[in-house]
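Text of the file query_31.cif, holding mmCIF, C-alpha atoms:
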data_target
loop_
_atom_site.label_atom_id
_atom_site.label_comp_id
_atom_site.auth_asym_id
_atom_site.auth_seq_id
_atom_site.Cartn_x
_atom_site.Cartn_y
_atom_site.Cartn_z
CA MET A 160 79.75 80.52 99.32
CA THR A 161 75.97 80.26 99.59
CA GLU A 162 73.83 77.14 99.64
CA LYS A 163 73.39 77.59 95.89
CA PHE A 164 77.12 77.53 95.21
CA LYS A 165 78.98 75.64 97.91
CA ASN A 166 82.29 75.67 96.02
CA MET A 167 84.12 78.60 94.48
CA GLU A 168 85.06 76.63 91.37
CA THR A 169 81.35 76.56 90.51
CA ALA A 170 80.50 80.07 91.72
CA VAL A 171 83.15 81.79 89.55
CA ILE A 172 81.41 80.37 86.48
CA HIS A 173 77.72 80.67 87.38
CA ALA A 174 77.10 83.26 90.11
CA GLY A 175 75.23 86.42 89.15
CA TYR A 176 74.01 85.24 85.74
CA ASP A 177 71.00 83.28 84.52
CA ALA A 178 71.08 82.44 80.80
CA LYS A 179 67.28 81.96 80.78
CA GLN A 180 66.85 85.69 81.41
CA HIS A 181 68.98 86.54 78.38
CA LEU A 182 67.58 84.50 75.48
CA GLY A 183 69.69 81.50 76.51
CA SER A 184 73.00 83.23 75.81
CA LEU A 185 75.78 81.14 77.39
CA ALA A 186 78.10 84.14 77.70
CA THR A 187 76.88 87.17 79.64
CA PRO A 188 75.70 89.76 77.07
CA ILE A 189 77.48 93.11 76.90
CA PHE A 190 74.92 95.87 77.42
CA GLN A 191 77.01 98.50 75.66
CA THR A 192 74.64 101.38 76.24
CA SER A 193 74.92 104.65 78.10
CA THR A 194 71.22 105.03 78.87
CA PHE A 195 67.96 103.10 79.15
CA THR A 196 64.49 104.09 77.93
CA PHE A 197 61.35 104.32 80.04
CA ASP A 198 57.90 103.06 79.05
CA SER A 199 56.37 106.27 80.37
CA ALA A 200 57.23 109.52 82.13
CA GLU A 201 55.66 108.07 85.28
CA GLN A 202 57.98 105.07 85.14
CA GLY A 203 60.97 107.41 84.84
CA GLU A 204 59.73 109.31 87.90
CA LYS A 205 59.36 106.10 89.91
CA ARG A 206 62.82 104.86 89.02
CA PHE A 207 64.47 108.14 89.96
CA ALA A 208 62.51 108.14 93.21
CA GLY A 209 63.68 104.61 93.96
CA GLU A 210 60.09 103.32 93.97
CA GLU A 211 60.63 100.96 91.04
CA GLU A 212 63.62 98.78 90.22
CA GLY A 213 65.11 99.14 86.78
CA PHE A 214 67.94 100.69 84.84
CA ILE A 215 68.25 104.42 84.19
CA TYR A 216 71.78 105.28 83.05
CA SER A 217 74.91 103.09 82.97
CA ARG A 218 76.78 105.25 85.50
CA LEU A 219 74.02 104.27 87.96
CA GLY A 220 73.72 100.62 86.94
CA ASN A 221 74.06 98.26 84.00
CA PRO A 222 73.03 94.58 83.56
CA THR A 223 76.54 93.39 82.62
CA VAL A 224 78.06 95.29 85.53
CA ASN A 225 75.39 93.94 87.87
CA ALA A 226 76.33 90.36 86.98
CA LEU A 227 79.95 91.12 87.88
CA GLN A 228 78.96 92.78 91.16
CA GLU A 229 76.83 89.81 92.16
CA ARG A 230 79.64 87.44 91.32
CA ILE A 231 82.30 89.17 93.42
CA ALA A 232 79.85 89.34 96.32
CA GLU A 233 79.31 85.59 96.03
CA LEU A 234 83.03 84.85 95.90
CA GLU A 235 83.85 87.02 98.91
CA GLY A 236 80.87 85.85 100.96
CA ALA A 237 79.46 89.40 100.98
CA GLU A 238 75.91 90.72 100.78
CA ALA A 239 76.69 93.00 97.84
CA GLY A 240 79.47 94.08 95.50
CA LEU A 241 80.48 97.13 93.47
CA ALA A 242 82.58 97.51 90.33
CA PHE A 243 84.84 100.46 89.53
CA ALA A 244 86.92 101.79 86.64
CA SER A 245 90.20 100.92 88.43
CA GLY A 246 91.56 99.52 91.65
CA MET A 247 92.34 103.05 92.82
CA ALA A 248 88.78 104.14 92.00
CA ALA A 249 87.64 101.43 94.42
CA VAL A 250 90.20 102.43 97.09
CA SER A 251 89.40 106.13 96.86
CA ALA A 252 85.61 105.65 96.76
CA VAL A 253 85.65 103.47 99.87
CA LEU A 254 88.03 105.68 101.87
CA VAL A 255 86.14 108.87 101.00
CA ALA A 256 82.84 107.20 101.94
CA LEU A 257 84.21 106.21 105.35
CA THR A 258 85.82 109.54 106.28
CA LYS A 259 85.18 113.25 106.63
CA GLY A 260 87.50 116.21 107.22
CA GLY A 261 89.63 115.75 110.34
CA ASP A 262 89.21 111.98 110.60
CA HIS A 263 92.04 109.46 110.99
CA ILE A 264 92.88 106.24 109.14
CA LEU A 265 95.05 103.50 110.64
CA CYS A 266 96.99 101.60 107.96
CA SER A 267 99.06 98.45 107.78
CA GLN A 268 102.84 98.98 107.65
CA GLY A 269 103.04 99.37 103.92
CA VAL A 270 100.54 100.05 101.15
CA TYR A 271 100.57 100.30 97.37
CA GLY A 272 102.33 103.45 96.17
CA CYS A 273 99.18 105.07 94.72
CA THR A 274 97.21 104.27 97.89
CA PHE A 275 99.96 106.08 99.80
CA GLY A 276 99.60 108.99 97.39
CA PHE A 277 95.84 109.11 97.94
CA LEU A 278 96.30 109.07 101.72
CA GLU A 279 98.68 112.03 101.38
CA LEU A 280 96.11 113.83 99.21
CA LEU A 281 93.39 113.27 101.84
CA ASN A 282 95.70 114.73 104.48
CA GLU A 283 96.70 117.73 102.38
CA LYS A 284 93.20 118.67 101.21
CA TYR A 285 90.91 117.55 104.03
CA GLN A 286 93.18 117.03 107.06
CA ILE A 287 92.30 113.32 107.10
CA THR A 288 95.41 111.94 108.76
CA HIS A 289 96.87 108.44 108.78
CA ASP A 290 99.35 106.35 110.71
CA PHE A 291 101.16 103.18 109.70
CA CYS A 292 101.15 100.29 112.15
CA ALA A 293 102.86 96.88 112.10
CA MET A 294 99.61 95.40 113.49
CA GLU A 295 101.51 92.49 115.01
CA THR A 296 99.81 92.95 118.39
CA ALA A 297 96.60 94.48 119.72
CA GLU A 298 98.73 96.84 121.83
CA GLN A 299 100.42 98.32 118.75
CA MET A 300 97.02 99.11 117.27
CA GLU A 301 95.51 100.44 120.50
CA GLN A 302 98.36 102.94 120.86
CA LEU A 303 97.52 104.49 117.47
CA ILE A 304 93.71 104.37 117.51
CA ARG A 305 92.23 107.80 118.25
CA PRO A 306 88.66 109.02 118.90
CA GLU A 307 88.64 110.31 115.30
CA THR A 308 89.82 106.99 113.77
CA THR A 309 87.04 106.01 111.36
CA CYS A 310 88.75 103.34 109.28
CA ILE A 311 91.40 100.66 109.53
CA TYR A 312 92.99 99.94 106.15
CA VAL A 313 94.94 96.73 105.59
CA GLU A 314 96.92 95.16 102.79
CA THR A 315 97.80 91.51 103.27
CA PRO A 316 100.07 90.29 101.83
CA ILE A 317 101.59 93.78 101.89
CA ASN A 318 102.84 95.12 98.56
CA PRO A 319 105.74 94.47 97.94
CA THR A 320 107.26 93.08 101.15
CA MET A 321 104.81 90.14 101.31
CA LYS A 322 104.37 90.62 105.07
CA LEU A 323 101.09 89.20 106.38
CA ILE A 324 98.61 90.81 108.77
CA ASP A 325 96.50 88.62 111.06
CA LEU A 326 93.00 89.67 109.96
CA GLU A 327 91.22 88.08 112.91
CA LEU A 328 93.41 90.08 115.29
CA VAL A 329 92.73 93.35 113.45
CA ALA A 330 88.99 92.67 113.28
CA ARG A 331 88.87 91.90 117.01
CA VAL A 332 90.53 95.21 117.95
CA ALA A 333 88.43 97.15 115.42
CA LYS A 334 85.13 95.76 116.70
CA LYS A 335 86.04 96.84 120.23
CA HIS A 336 86.18 100.44 118.93
CA ASP A 337 83.39 100.03 116.33
CA ILE A 338 85.74 100.91 113.46
CA PRO A 339 85.26 99.32 110.01
CA VAL A 340 88.15 97.30 108.58
CA VAL A 341 88.91 97.59 104.86
CA VAL A 342 91.17 94.95 103.29
CA ASP A 343 92.93 95.17 99.94
CA ASN A 344 92.75 91.53 98.83
CA THR A 345 94.35 92.03 95.41
CA PHE A 346 97.40 89.81 95.98
CA SER A 347 95.34 86.82 97.09
CA SER A 348 92.07 86.99 95.15
CA PRO A 349 88.94 85.52 96.78
CA TYR A 350 90.21 82.06 95.91
CA LEU A 351 93.11 82.26 98.36
CA GLN A 352 91.71 84.57 101.06
CA GLN A 353 88.31 85.87 102.17
CA PRO A 354 88.78 88.75 104.65
CA LEU A 355 85.08 89.11 105.44
CA GLN A 356 85.08 85.60 106.85
CA ALA A 357 87.78 86.74 109.30
CA GLY A 358 85.50 89.49 110.60
CA CYS A 359 86.54 92.40 108.34
CA ASP A 360 83.94 94.71 106.81
CA ILE A 361 84.91 95.69 103.25
CA VAL A 362 87.16 93.90 100.80
CA LEU A 363 88.79 95.60 97.80
CA HIS A 364 90.49 94.36 94.65
CA SER A 365 92.44 95.79 91.82
CA ALA A 366 90.54 93.46 89.48
CA THR A 367 93.15 94.32 86.85
CA LYS A 368 95.32 91.66 88.48
CA TYR A 369 94.34 88.05 89.29
CA ILE A 370 90.60 88.48 88.81
CA GLY A 371 91.00 89.68 85.22
CA GLY A 372 94.10 87.56 84.84
CA HIS A 373 95.04 88.43 81.27
CA GLY A 374 96.54 91.93 81.41
CA ASP A 375 93.85 93.46 79.21
CA VAL A 376 91.57 95.37 81.57
CA ILE A 377 91.82 98.08 84.26
CA ALA A 378 89.16 97.67 86.95
CA GLY A 379 88.40 97.61 90.67
CA LEU A 380 85.93 95.76 92.89
CA ALA A 381 84.58 96.09 96.41
CA ALA A 382 82.31 93.89 98.50
CA GLY A 383 80.62 94.20 101.88
CA THR A 384 77.21 94.72 103.47
CA LYS A 385 74.25 95.83 101.34
CA GLU A 386 73.97 98.99 103.41
CA MET A 387 77.61 100.02 102.96
CA MET A 388 77.74 99.13 99.26
CA HIS A 389 74.51 101.08 98.67
CA THR A 390 75.96 104.12 100.47
CA ILE A 391 79.12 104.01 98.32
CA ALA A 392 77.12 103.38 95.13
CA MET A 393 74.88 106.39 95.77
CA THR A 394 77.71 108.75 96.76
CA THR A 395 81.37 108.30 95.85
CA LEU A 396 80.73 105.89 92.96
CA LYS A 397 77.81 107.76 91.39
CA ASP A 398 78.93 111.31 92.09
CA VAL A 399 82.70 111.03 91.67
CA GLY A 400 82.03 108.72 88.74
CA GLY A 401 84.76 106.07 88.68
CA VAL A 402 82.43 103.57 87.00
CA ILE A 403 83.43 100.52 85.00
CA SER A 404 82.39 100.13 81.37
CA PRO A 405 80.13 97.20 80.38
CA PHE A 406 82.86 95.78 78.14
CA ASP A 407 85.44 95.80 80.93
CA ALA A 408 82.92 94.16 83.25
CA TRP A 409 82.43 91.47 80.60
CA LEU A 410 86.20 90.91 80.37
CA LEU A 411 86.32 90.35 84.13
CA LEU A 412 83.39 87.94 84.05
CA ARG A 413 85.23 85.99 81.39
CA GLY A 414 88.55 86.05 83.23
CA MET A 415 87.03 85.03 86.56
CA LYS A 416 85.81 81.71 85.20
CA THR A 417 89.36 80.34 85.25
CA LEU A 418 90.44 82.02 88.52
CA PRO A 419 90.79 78.82 90.63
CA VAL A 420 92.66 76.96 87.87
CA ARG A 421 95.01 79.89 87.29
CA MET A 422 95.64 80.51 90.99
CA ASP A 423 96.56 76.87 91.57
CA ARG A 424 99.14 77.12 88.78
CA HIS A 425 100.46 80.49 89.96
CA CYS A 426 100.96 79.06 93.45
CA GLU A 427 102.56 75.84 92.24
CA ASN A 428 105.03 77.77 90.09
CA ALA A 429 105.78 80.30 92.86
CA GLU A 430 106.52 77.57 95.42
CA TYR A 431 109.04 76.04 93.01
CA ILE A 432 110.72 79.39 92.22
CA VAL A 433 111.01 80.25 95.94
CA GLU A 434 112.95 77.05 96.63
CA GLN A 435 115.31 77.76 93.73
CA LEU A 436 115.87 81.39 94.71
CA LYS A 437 116.74 80.43 98.27
CA LYS A 438 119.62 78.31 96.98
CA HIS A 439 121.17 80.92 94.67
CA PRO A 440 124.24 82.76 96.07
CA ALA A 441 123.26 86.08 94.47
CA VAL A 442 120.01 86.13 96.48
CA LYS A 443 120.19 87.59 100.00
CA CYS A 444 116.68 86.68 101.18
CA VAL A 445 113.27 85.65 99.84
CA PHE A 446 109.85 86.83 101.05
CA TYR A 447 106.90 84.55 100.32
CA PRO A 448 103.82 83.84 102.47
CA GLY A 449 103.93 80.12 101.66
CA ASP A 450 107.54 79.68 102.81
CA GLN A 451 107.43 77.32 105.79
CA ALA A 452 110.58 78.97 107.16
CA GLY A 453 108.99 82.44 107.01
CA LYS A 454 107.88 84.19 110.19
CA ASP A 455 104.34 84.73 108.88
CA PHE A 456 103.73 81.13 107.79
CA ALA A 457 101.35 80.45 110.71
CA ILE A 458 99.18 83.41 109.64
CA MET A 459 99.20 82.17 106.05
CA GLU A 460 98.00 78.74 107.15
CA LYS A 461 95.22 80.32 109.19
CA GLN A 462 93.76 82.72 106.64
CA MET A 463 95.01 81.75 103.18
CA ARG A 464 94.48 78.64 101.08
CA LYS A 465 97.99 78.85 99.59
CA GLY A 466 100.90 81.30 99.46
CA GLY A 467 99.98 83.06 96.22
CA GLY A 468 101.85 83.90 93.03
CA LEU A 469 103.89 86.90 94.25
CA ILE A 470 107.47 86.66 95.48
CA SER A 471 109.80 89.40 96.64
CA PHE A 472 113.52 88.89 97.09
CA GLU A 473 116.61 90.93 97.83
CA ILE A 474 119.85 90.47 95.97
CA HIS A 475 123.37 91.08 97.20
CA GLY A 476 124.22 94.42 95.67
CA SER A 477 122.70 97.79 94.84
CA LYS A 478 119.96 99.48 92.86
CA GLN A 479 122.12 99.30 89.74
CA GLN A 480 122.66 95.57 90.17
CA ALA A 481 118.93 95.03 90.72
CA GLN A 482 118.28 96.89 87.48
CA LYS A 483 120.96 94.83 85.71
CA LEU A 484 119.20 91.65 86.80
CA LEU A 485 115.96 92.88 85.24
CA ASN A 486 117.73 93.91 82.03
CA ASP A 487 119.45 90.53 81.67
CA LEU A 488 116.21 88.53 81.60
CA SER A 489 115.10 86.92 78.38
CA PHE A 490 111.33 86.30 78.26
CA ILE A 491 110.33 87.48 81.73
CA LYS A 492 108.81 90.92 81.19
CA ILE A 493 109.72 94.09 83.10
CA ALA A 494 106.28 95.42 84.05
CA VAL A 495 104.58 96.74 87.17
CA SER A 496 101.38 94.73 87.13
CA LEU A 497 100.81 91.22 88.47
CA GLY A 498 98.47 88.27 88.16
CA ASP A 499 98.87 87.88 84.40
CA ALA A 500 99.63 84.71 82.45
CA GLU A 501 103.09 86.19 81.79
CA THR A 502 105.76 86.28 84.49
CA LEU A 503 106.42 89.94 85.35
CA ILE A 504 109.24 91.51 87.33
CA GLN A 505 109.73 95.02 88.69
CA HIS A 506 111.87 97.14 91.02
CA PRO A 507 109.50 98.65 93.65
CA ALA A 508 111.84 101.38 94.94
CA THR A 509 112.04 103.02 91.50
CA MET A 510 108.69 101.90 90.07
CA THR A 511 105.49 101.10 92.01
CA HIS A 512 106.65 102.72 95.26
CA SER A 513 108.87 105.48 93.86
CA GLY A 514 106.39 108.15 94.97
CA ILE A 515 106.92 107.25 98.63
CA PRO A 516 109.65 109.29 100.40
CA GLU A 517 112.86 107.28 100.80
CA GLN A 518 112.81 107.21 104.59
CA THR A 519 109.17 106.03 104.71
CA ARG A 520 109.89 103.49 101.99
CA LYS A 521 112.77 102.01 103.96
CA GLN A 522 110.63 101.88 107.11
CA MET A 523 108.19 99.83 105.05
CA GLY A 524 111.01 97.41 104.21
CA ILE A 525 111.39 98.47 100.56
CA SER A 526 115.13 98.55 99.93
CA ASP A 527 116.97 99.36 96.71
CA GLU A 528 117.90 95.67 96.46
CA LEU A 529 114.27 94.45 96.64
CA ILE A 530 112.72 92.93 93.53
CA ARG A 531 109.10 91.83 93.09
CA LEU A 532 108.25 88.86 90.89
CA SER A 533 104.75 87.98 89.70
CA VAL A 534 105.09 84.33 88.75
CA GLY A 535 103.11 83.52 85.62
CA LEU A 536 101.61 80.41 84.09
CA GLU A 537 104.57 79.35 81.97
CA ALA A 538 106.45 76.10 82.68
CA LYS A 539 108.11 76.63 86.05
CA GLN A 540 111.39 75.20 84.74
CA ASP A 541 111.48 77.86 82.00
CA ILE A 542 110.78 80.65 84.47
CA TRP A 543 113.63 79.49 86.68
CA GLU A 544 116.03 79.02 83.78
CA ASP A 545 115.54 82.66 82.78
CA LEU A 546 115.94 83.91 86.35
CA GLN A 547 118.94 81.68 86.95
CA GLN A 548 120.92 82.90 83.95
CA ALA A 549 120.36 86.53 84.99
CA LEU A 550 121.29 85.79 88.61
CA ASP A 551 124.38 83.90 87.44
CA GLN A 552 125.51 86.94 85.44
CA LEU A 553 125.00 89.08 88.53
CA GLU A 554 127.01 86.67 90.65
CA GLU A 555 129.86 86.52 88.15
CA ALA A 556 130.03 90.31 87.87
CA GLU A 557 129.83 90.96 91.61
CA THR A 558 131.89 88.19 93.21
CA PRO A 559 134.90 90.44 94.04
CA VAL A 560 132.68 93.25 95.34
CA GLN A 561 130.61 90.89 97.45
CA SER A 562 133.64 89.32 99.13
CA HIS A 563 134.93 92.84 99.87
CA HIS A 564 131.65 93.73 101.65
CA GLN A 565 131.71 90.55 103.67
#
Could you render the structure from this file as structure tokens?
Amino acid sequence: MTEKFKNMETAVIHAGYDAKQHLGSLATPIFQTSTFTFDSAEQGEKRFAGEEEGFIYSRLGNPTVNALQERIAELEGAEAGLAFASGMAAVSAVLVALTKGGDHILCSQGVYGCTFGFLELLNEKYQITHDFCAMETAEQMEQLIRPETTCIYVETPINPTMKLIDLELVARVAKKHDIPVVVDNTFSSPYLQQPLQAGCDIVLHSATKYIGGHGDVIAGLAAGTKEMMHTIAMTTLKDVGGVISPFDAWLLLRGMKTLPVRMDRHCENAEYIVEQLKKHPAVKCVFYPGDQAGKDFAIMEKQMRKGGGLISFEIHGSKQQAQKLLNDLSFIKIAVSLGDAETLIQHPATMTHSGIPEQTRKQMGISDELIRLSVGLEAKQDIWEDLQQALDQLEEAETPVQSHHQ
């Protein structure tokens, strides 16, 4: 937060927009236009030459989009921000901007399935290789860093295992080798975690999730130094073209205003559900950053405000029994997104991470029994009641089989 906005609860509502500059409109106007006119040919020349500020064409800049970019920069404590058409547009634009053919990317032990797919594509087409690393110690990272390593890419919490990476540790090792650190902050949102404050260089979001918060927009965001954001804006954003529409930017600006309120509720509900899940006999184990008994709790306390709204848990059983659990739910929706008002549940091994080879997936900790739950804003008692009845059915159906395994 800057001196102007010392608290995020204020910044999410006001940063990046001045009503006085827009006829007093309380809501940010939607500049739904593809292009902008010039007063003269000379003015057009100056704008294209970068000698005069102003708008040219909405792929290159738009007032509604600018307000969003300024707001995410404010929330992440960055110098500048960028908005994209999707979370993967943000991931791909940043990774392409930081690499060239033959380079190497060091990744956290587990990434989103489509990020994995993009890393494979970079390797196949441009021989940009990658390694996965637990990043639990500096030594583990040092062993995998090469002269051609140009980027360290981190998810924390990792999707869907909820494992945490110590960002200060990663940043310390990276700075020693002068390698930029990119952090996917989707699961936490800026309200719960600010990677740049831990010494990282670029932060990414699938803004589709908590930042939008209502399941009605696909978008991505990035934030970092002015120099790096300008480089990305003028290359992989402008020329590859994964730009956000003004209307989608407006939806995010609207959704962001309630981010702190929503995140508090998501976290409160998740903490309650974790405690209930841990007691149920059909549940083998629960993974949640805010669990005081979890091995990553000390990292959570250091770099996150709260544990978040995502829970993963393993059941006693198989893929079929995991699918049965999902099918037996009443109002909890089977869907692969997260961060919405609705509680959503999915089976990573056959859904979000199905594109990852089985052996790699299991090395990442994604078993056939693993289920990911995005805890919504409903009454926590109702969420648990729905989960409990489905788990009870699983327990009743599998009691003989379970005792046989034991």
Per residue of stretch 228-328 of chain A within 12 Å of stretch 451-454 of chain A, note the shortest atom pair and the distance in Å to one decimal, counting only C-alpha atoms, and order the rows by chain and increasing residue number, as JSON lines.
{"residue": "A:Glu295", "atom": "CA", "partner": "A:Lys454", "partner_atom": "CA", "distance": 11.5}
{"residue": "A:Met321", "atom": "CA", "partner": "A:Gly453", "partner_atom": "CA", "distance": 10.5}
{"residue": "A:Lys322", "atom": "CA", "partner": "A:Lys454", "partner_atom": "CA", "distance": 8.9}
{"residue": "A:Leu323", "atom": "CA", "partner": "A:Lys454", "partner_atom": "CA", "distance": 9.3}
{"residue": "A:Ile324", "atom": "CA", "partner": "A:Lys454", "partner_atom": "CA", "distance": 11.5}
By how many Å are atom CA of A:Pro516 and atom CA of A:Gly269 apart?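 One can read the atom CA of A:Pro516 to atom CA of A:Gly269 distance as 12.4 Å.
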Please determine the residues with any atom at most 10 Å from (89.7, 79.2, 91.2) (coordinates as given in the file, with all atoms listed in the file counting) and report them as a list in words.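 Looking at atoms near the point gives Asn166, Met167, Glu168, Thr169, Ala170, Val171, Ile172, Leu234, Ser348, Pro349, Tyr350, Leu351, Ile370, Met415, Lys416, Thr417, Leu418, Pro419, Val420, Arg421, Met422, Asp423 and Arg424 of chain A.
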Could you tell me which of A:Phe214, A:Glu528, A:Gly498, A:Tyr447 comes closest to A:Gln479 if we count only C-alpha atoms?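 Ranked by minimum distance to A:Gln479, first place goes to A:Glu528.
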Could you check the closest approach to A:Gln540 for each of A:Asn428, A:Ser245, A:Ser477, A:Gln522 and tell me which residue wins, using only C-alpha atoms?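 Residue with the minimum atom-to-atom distance to A:Gln540: A:Asn428.
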Contacts of A:Leu303 at 9 Å (only C-alpha atoms; same-chain gap of 6+ positions) as a count of residues only: 4
Of the residues A:Phe277, A:Glu517, A:Val270, A:Thr288, which is the one nearest to A:Val342, using only C-alpha atoms? A:Val270
For a cutoff of 7 Å around the file-coordinate point (113.7, 95.7, 92.9), which residues qualify once you count only C-alpha atoms? I'd like the result as an mmCIF file with C-alpha atoms, in the coordinates of the input.
data_model
loop_
_atom_site.group_PDB
_atom_site.id
_atom_site.type_symbol
_atom_site.label_atom_id
_atom_site.label_comp_id
_atom_site.auth_asym_id
_atom_site.auth_seq_id
_atom_site.Cartn_x
_atom_site.Cartn_y
_atom_site.Cartn_z
ATOM 1 C CA ALA A 481 118.930 95.030 90.720
ATOM 2 C CA GLN A 505 109.730 95.020 88.690
ATOM 3 C CA HIS A 506 111.870 97.140 91.020
ATOM 4 C CA PRO A 507 109.500 98.650 93.650
ATOM 5 C CA ALA A 508 111.840 101.380 94.940
ATOM 6 C CA ASP A 527 116.970 99.360 96.710
ATOM 7 C CA GLU A 528 117.900 95.670 96.460
ATOM 8 C CA LEU A 529 114.270 94.450 96.640
ATOM 9 C CA ILE A 530 112.720 92.930 93.530
ATOM 10 C CA ARG A 531 109.100 91.830 93.090
#
Could you list, as a VMD selection string, every residue within 7 Å of A:Pro448, counting only C-alpha atoms and ignoring same-chain residues fewer than 2 positions away? chain A and resid 321 446 450 455 to 456 459 466
Explicit residues for the PyMOL selection byres ((chain A and resi 329) around 12) (as a PyMOL selection string): chain A and resi 265-267+292-301+304+310-315+323-328+330-342+354-355+357-360
Which is closer to A:Leu488 than all the others in A:Ala249, A:Ala549, A:Val433, A:Ile231, using all atoms listed in the file?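 Selected residue with least distance to A:Leu488: A:Ala549.
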